[in-house]
$ cat final-v3.csv   # CSV, C-alpha atoms and all ligand atoms
chain,number,residue,atom,x,y,z
V,3,MET,CA,41.2,-18.5,-54.6
V,4,LYS,CA,44.1,-17.2,-52.6
V,5,ASN,CA,42.4,-13.8,-52.3
V,6,ILE,CA,39.2,-15.3,-50.9
V,7,PHE,CA,41.2,-17.1,-48.3
V,8,ILE,CA,43.0,-14.0,-47.3
V,9,THR,CA,39.8,-12.0,-47.1
V,10,LEU,CA,38.2,-14.7,-44.9
V,11,ALA,CA,41.2,-14.9,-42.6
V,12,LEU,CA,41.1,-11.2,-42.2
V,13,PHE,CA,37.4,-11.2,-41.5
V,14,PHE,CA,37.9,-13.8,-38.8
V,15,SER,CA,40.8,-12.1,-37.2
V,16,ILE,CA,38.9,-8.8,-37.0
V,17,HIS,CA,35.9,-10.6,-35.7
V,18,ALA,CA,37.9,-12.4,-33.0
V,19,HIS,CA,39.6,-9.2,-32.0
V,20,ALA,CA,36.3,-7.3,-31.7
V,21,PHE,CA,35.1,-10.2,-29.5
V,22,MET,CA,38.1,-10.2,-27.3
V,23,SER,CA,38.3,-6.5,-26.8
V,24,GLY,CA,34.6,-6.4,-26.0
V,25,LEU,CA,34.9,-9.1,-23.5
V,26,ASP,CA,33.9,-7.9,-20.1
V,27,ASP,CA,33.2,-10.4,-17.4
V,28,ARG,CA,30.8,-8.1,-15.7
V,29,ARG,CA,28.8,-7.8,-18.9
V,30,ASP,CA,27.0,-11.0,-19.4
V,31,THR,CA,24.6,-11.6,-22.2
V,32,HIS,CA,22.2,-14.5,-22.2
V,33,GLY,CA,20.6,-13.7,-25.5
V,34,SER,CA,18.0,-11.7,-23.6
V,35,LEU,CA,19.4,-10.1,-20.6
V,36,GLU,CA,22.5,-7.9,-20.6
V,37,ILE,CA,24.2,-7.1,-17.3
V,38,VAL,CA,26.4,-4.0,-17.3
V,39,GLY,CA,28.9,-2.8,-14.7
V,40,ALA,CA,27.8,-5.0,-11.7
V,41,TYR,CA,29.7,-3.8,-8.6
V,42,ILE,CA,29.6,-4.0,-4.9
V,43,PRO,CA,31.0,-1.0,-2.9
V,44,LEU,CA,33.3,-2.1,-0.1
V,45,GLY,CA,31.8,-1.2,3.3
V,46,PRO,CA,33.0,-1.6,6.9
V,47,GLU,CA,33.7,-5.3,7.8
V,48,GLY,CA,30.8,-7.3,8.9
V,49,MET,CA,28.3,-4.9,7.5
V,50,VAL,CA,25.7,-5.8,4.9
V,51,ASN,CA,26.7,-5.1,1.3
V,52,ALA,CA,24.7,-3.7,-1.5
V,53,GLY,CA,25.0,-4.8,-5.2
V,54,TYR,CA,24.4,-2.5,-8.1
V,55,MET,CA,24.2,-3.0,-11.8
V,56,LYS,CA,22.2,-2.1,-14.9
V,57,LEU,CA,20.1,-4.7,-16.6
V,58,ASN,CA,19.1,-4.4,-20.2
V,59,ASN,CA,16.3,-6.6,-21.6
V,60,THR,CA,16.9,-7.0,-25.3
V,61,SER,CA,14.1,-9.5,-25.8
V,62,ASP,CA,10.4,-8.9,-26.7
V,63,THR,CA,9.1,-10.3,-23.4
V,64,ASP,CA,9.4,-9.0,-19.8
V,65,ILE,CA,12.0,-10.8,-17.7
V,66,THR,CA,11.1,-11.4,-14.0
V,67,LEU,CA,13.9,-12.2,-11.6
V,68,HIS,CA,12.3,-14.1,-8.7
V,69,TYR,CA,15.3,-14.7,-6.4
V,70,ILE,CA,19.0,-14.5,-6.3
V,71,THR,CA,21.6,-16.6,-4.6
V,72,SER,CA,25.3,-16.2,-4.0
V,73,PRO,CA,27.9,-18.6,-2.5
V,74,VAL,CA,29.4,-15.6,-0.7
V,75,TYR,CA,26.3,-14.5,1.2
V,76,ASP,CA,23.6,-16.2,3.3
V,77,ALA,CA,20.9,-14.3,1.6
V,78,VAL,CA,20.4,-11.9,-1.3
V,79,GLN,CA,17.3,-9.7,-1.2
V,80,ILE,CA,15.9,-7.4,-3.9
V,81,HIS,CA,15.3,-4.0,-2.2
V,82,SER,CA,13.6,-0.9,-3.5
V,83,THR,CA,13.7,2.5,-1.9
V,84,ILE,CA,10.6,4.4,-1.2
V,85,GLN,CA,10.1,7.9,0.2
V,86,LYS,CA,7.8,8.0,3.3
V,87,ASN,CA,7.2,11.3,5.0
V,88,GLY,CA,10.4,12.6,3.5
V,89,VAL,CA,12.4,9.6,4.8
V,90,ALA,CA,14.0,7.1,2.4
V,91,LYS,CA,12.9,3.6,3.4
V,92,MET,CA,14.1,0.3,2.0
V,93,VAL,CA,11.4,-2.3,1.2
V,94,HIS,CA,11.9,-5.9,0.3
V,95,ALA,CA,10.6,-6.4,-3.2
V,96,LYS,CA,9.1,-9.7,-4.2
V,97,ASN,CA,10.8,-9.7,-7.6
V,98,LEU,CA,12.5,-7.6,-10.1
V,99,VAL,CA,10.9,-7.0,-13.5
V,100,ILE,CA,12.9,-5.8,-16.5
V,101,PRO,CA,10.4,-4.8,-19.1
V,102,ALA,CA,10.6,-6.0,-22.7
V,103,LYS,CA,13.2,-3.9,-24.6
V,104,GLY,CA,13.7,-1.9,-21.5
V,105,SER,CA,16.2,-1.5,-18.7
V,106,VAL,CA,16.4,-1.3,-15.0
V,107,ALA,CA,19.2,0.4,-13.1
V,108,LEU,CA,20.0,-0.8,-9.6
V,109,GLU,CA,21.9,2.2,-8.1
V,110,PRO,CA,22.7,3.9,-4.8
V,111,GLY,CA,19.5,5.6,-3.5
V,112,GLY,CA,17.3,3.4,-5.6
V,113,SER,CA,16.7,-0.3,-6.0
V,114,HIS,CA,19.6,-2.5,-5.1
V,115,LEU,CA,20.5,-6.0,-4.1
V,116,MET,CA,21.0,-6.4,-0.3
V,117,LEU,CA,23.7,-8.9,0.4
V,118,MET,CA,23.3,-10.3,3.8
V,119,GLY,CA,25.4,-12.5,6.0
V,120,PRO,CA,28.8,-12.5,4.3
V,121,ARG,CA,30.5,-15.8,4.6
V,122,ARG,CA,34.0,-14.4,4.2
V,123,ASN,CA,35.6,-11.0,4.1
V,124,ILE,CA,35.6,-9.4,0.7
V,125,LYS,CA,38.2,-7.0,-0.6
V,126,GLU,CA,38.7,-4.6,-3.4
V,127,GLY,CA,39.0,-6.3,-6.8
V,128,ASP,CA,37.2,-9.5,-5.7
V,129,GLU,CA,34.7,-10.9,-8.1
V,130,ILE,CA,31.5,-12.0,-6.4
V,131,LEU,CA,29.3,-14.4,-8.2
V,132,ALA,CA,25.5,-14.7,-7.9
V,133,ILE,CA,22.8,-16.4,-9.8
V,134,ALA,CA,19.4,-14.8,-10.6
V,135,PHE,CA,16.5,-17.1,-11.2
V,136,GLY,CA,13.9,-16.1,-13.8
V,137,ASP,CA,10.7,-17.7,-15.0
V,138,HIS,CA,10.9,-21.5,-15.3
V,139,GLU,CA,14.1,-21.5,-13.2
V,140,LYS,CA,16.0,-19.8,-16.0
V,141,ARG,CA,19.4,-18.8,-14.6
V,142,TYR,CA,21.3,-15.6,-15.2
V,143,MET,CA,24.9,-15.4,-14.0
V,144,LEU,CA,25.8,-12.1,-12.2
V,145,LYS,CA,29.4,-11.2,-11.6
V,146,PHE,CA,30.0,-8.3,-9.3
V,147,LEU,CA,33.3,-6.5,-8.9
V,148,VAL,CA,34.1,-5.2,-5.4
V,149,VAL,CA,35.2,-1.6,-5.6
V,150,ASP,CA,36.4,0.9,-3.1
V,151,PRO,CA,33.7,3.6,-3.1
V,152,ARG,CA,36.3,6.3,-2.5
V,153,LYS,CA,37.8,5.5,-5.9
V,154,GLN,CA,34.3,4.9,-7.4
V,155,SER,CA,34.1,8.0,-9.7
V,156,ALA,CA,37.5,7.4,-11.2
V,157,GLN,CA,36.6,3.8,-12.0
V,158,ASP,CA,33.3,4.9,-13.6
V,159,THR,CA,35.2,7.2,-15.9
V,160,GLN,CA,37.7,4.5,-16.8
V,161,HIS,CA,34.8,2.1,-17.5
V,162,GLN,CA,33.1,4.4,-19.8
V,163,HIS,CA,36.4,5.1,-21.6
V,164,HIS,CA,36.8,1.4,-22.1
V,165,ASN,CA,33.4,1.0,-23.7
V,166,HIS,CA,33.9,3.8,-26.2
L,201,CU,CU,18.5,-2.7,1.1
$ encode --input "final-v3.csv" --output "structure tokens"
Amino acid sequence: MKNIFITLALFFSIHAHAFMSGLDDRRDTHGSLEIVGAYIPLGPEGMVNAGYMKLNNTSDTDITLHYITSPVYDAVQIHSTIQKNGVAKMVHAKNLVIPAKGSVALEPGGSHLMLMGPRRNIKEGDEILAIAFGDHEKRYMLKFLVVDPRKQSAQDTQHQHHNH
């Protein structure tokens, strides 16, 4: 009986530790949508910001994000980048679809969130919250980390290290 108790206690402590060490505020799972490494590169003051992240849909159905709001910005738009006559052009997308069992990467040069009308100055290390609205007003919490783009590559390496 004592052995069983010790085994159980051990199991729970390992489990708790695994949970704690895997805890990353920028990685949010809603049972269906996993958000990985959401970040906002710091730009010149007063300029529009862009938000990047990777979205993994672990469910069997497509997830459509219809609009996104943030308390820090007047408006958040979903933009995609198209090539027109050799020139990259941003277009305002109506929604963002993450296919079933698939993933979408919002990254520099591609699709991104355009963060318009900052209500306050942001600085490196800030966490910026946003809410994405899916079908039936289902909410997905997004938490972006503000990073200095000049240190970006170093942080990416660190982040990968942390995950492995
Ligand atoms: Cu844009």
$ residues_around --input "final-v3.csv" --residues "range 73-85 of chain V" --least-positions-apart "6" --cutoff "8 Å" --atoms "all atoms listed in the file" --output "list in words"
Lys91, Met92, Val93, His94, Ala95, Lys96, Asn97, Leu98, Gly111, Gly112, Ser113, His114, Leu115, Met116, Leu117, Met118, Gly119, Pro120, Arg121, Arg122, Ile130, Leu131 and Ala132 of chain V
$ residues_around --input "final-v3.csv" --residues "Ile65 in chain V" --least-positions-apart "6" --cutoff "12 Å" --atoms "all atoms listed in the file" --output "ChimeraX atom specification"
/V:32-36,57-59,97-106,134-142
$ write_last_selection --input "final-v3.csv" --atoms "C-alpha atoms" --output "compact mmCIF listing (two decimals), keeping the file's coordinate frame"
# COMPACT_ATOMS: atom_id res chain seq x y z
CA HIS V 32 22.20 -14.50 -22.20
CA GLY V 33 20.60 -13.70 -25.50
CA SER V 34 18.00 -11.70 -23.60
CA LEU V 35 19.40 -10.10 -20.60
CA GLU V 36 22.50 -7.90 -20.60
CA LEU V 57 20.10 -4.70 -16.60
CA ASN V 58 19.10 -4.40 -20.20
CA ASN V 59 16.30 -6.60 -21.60
CA ASN V 97 10.80 -9.70 -7.60
CA LEU V 98 12.50 -7.60 -10.10
CA VAL V 99 10.90 -7.00 -13.50
CA ILE V 100 12.90 -5.80 -16.50
CA PRO V 101 10.40 -4.80 -19.10
CA ALA V 102 10.60 -6.00 -22.70
CA LYS V 103 13.20 -3.90 -24.60
CA GLY V 104 13.70 -1.90 -21.50
CA SER V 105 16.20 -1.50 -18.70
CA VAL V 106 16.40 -1.30 -15.00
CA ALA V 134 19.40 -14.80 -10.60
CA PHE V 135 16.50 -17.10 -11.20
CA GLY V 136 13.90 -16.10 -13.80
CA ASP V 137 10.70 -17.70 -15.00
CA HIS V 138 10.90 -21.50 -15.30
CA GLU V 139 14.10 -21.50 -13.20
CA LYS V 140 16.00 -19.80 -16.00
CA ARG V 141 19.40 -18.80 -14.60
CA TYR V 142 21.30 -15.60 -15.20
$ closest_residue --input "final-v3.csv" --among "V:Asp128, V:Lys145, V:Ile37, V:Leu44" --to "Thr71 in chain V" --atoms "all atoms listed in the file"
V:Lys145
$ closest_residue --input "final-v3.csv" --among "V:Asp62, V:Ile70, V:Pro110, V:Met55" --to "ligand CU 201 (chain L)" --atoms "all atoms listed in the file"
V:Pro110
$ atom_distance --input "final-v3.csv" --atom1 "CA of Asn123 in chain V" --atom2 "CA of Val38 in chain V"
24.3 Å
$ residues_around --input "final-v3.csv" --residues "Gly45 in chain V" --least-positions-apart "5" --cutoff "9 Å" --atoms "all atoms listed in the file" --output "PDB file with C-alpha atoms, keeping the file's coordinate frame"
ATOM      1  CA  VAL V  50      25.700  -5.800   4.900  1.00  0.00           C
ATOM      2  CA  ASN V  51      26.700  -5.100   1.300  1.00  0.00           C
ATOM      3  CA  ALA V  52      24.700  -3.700  -1.500  1.00  0.00           C
ATOM      4  CA  ASP V 150      36.400   0.900  -3.100  1.00  0.00           C
ATOM      5  CA  PRO V 151      33.700   3.600  -3.100  1.00  0.00           C
TER       6      PRO V 151
END
$ closest_residue --input "final-v3.csv" --among "V:Glu109, V:Thr66, V:Asn87, V:Ser72" --to "ligand CU 201 (chain L)" --atoms "all atoms listed in the file"
V:Glu109
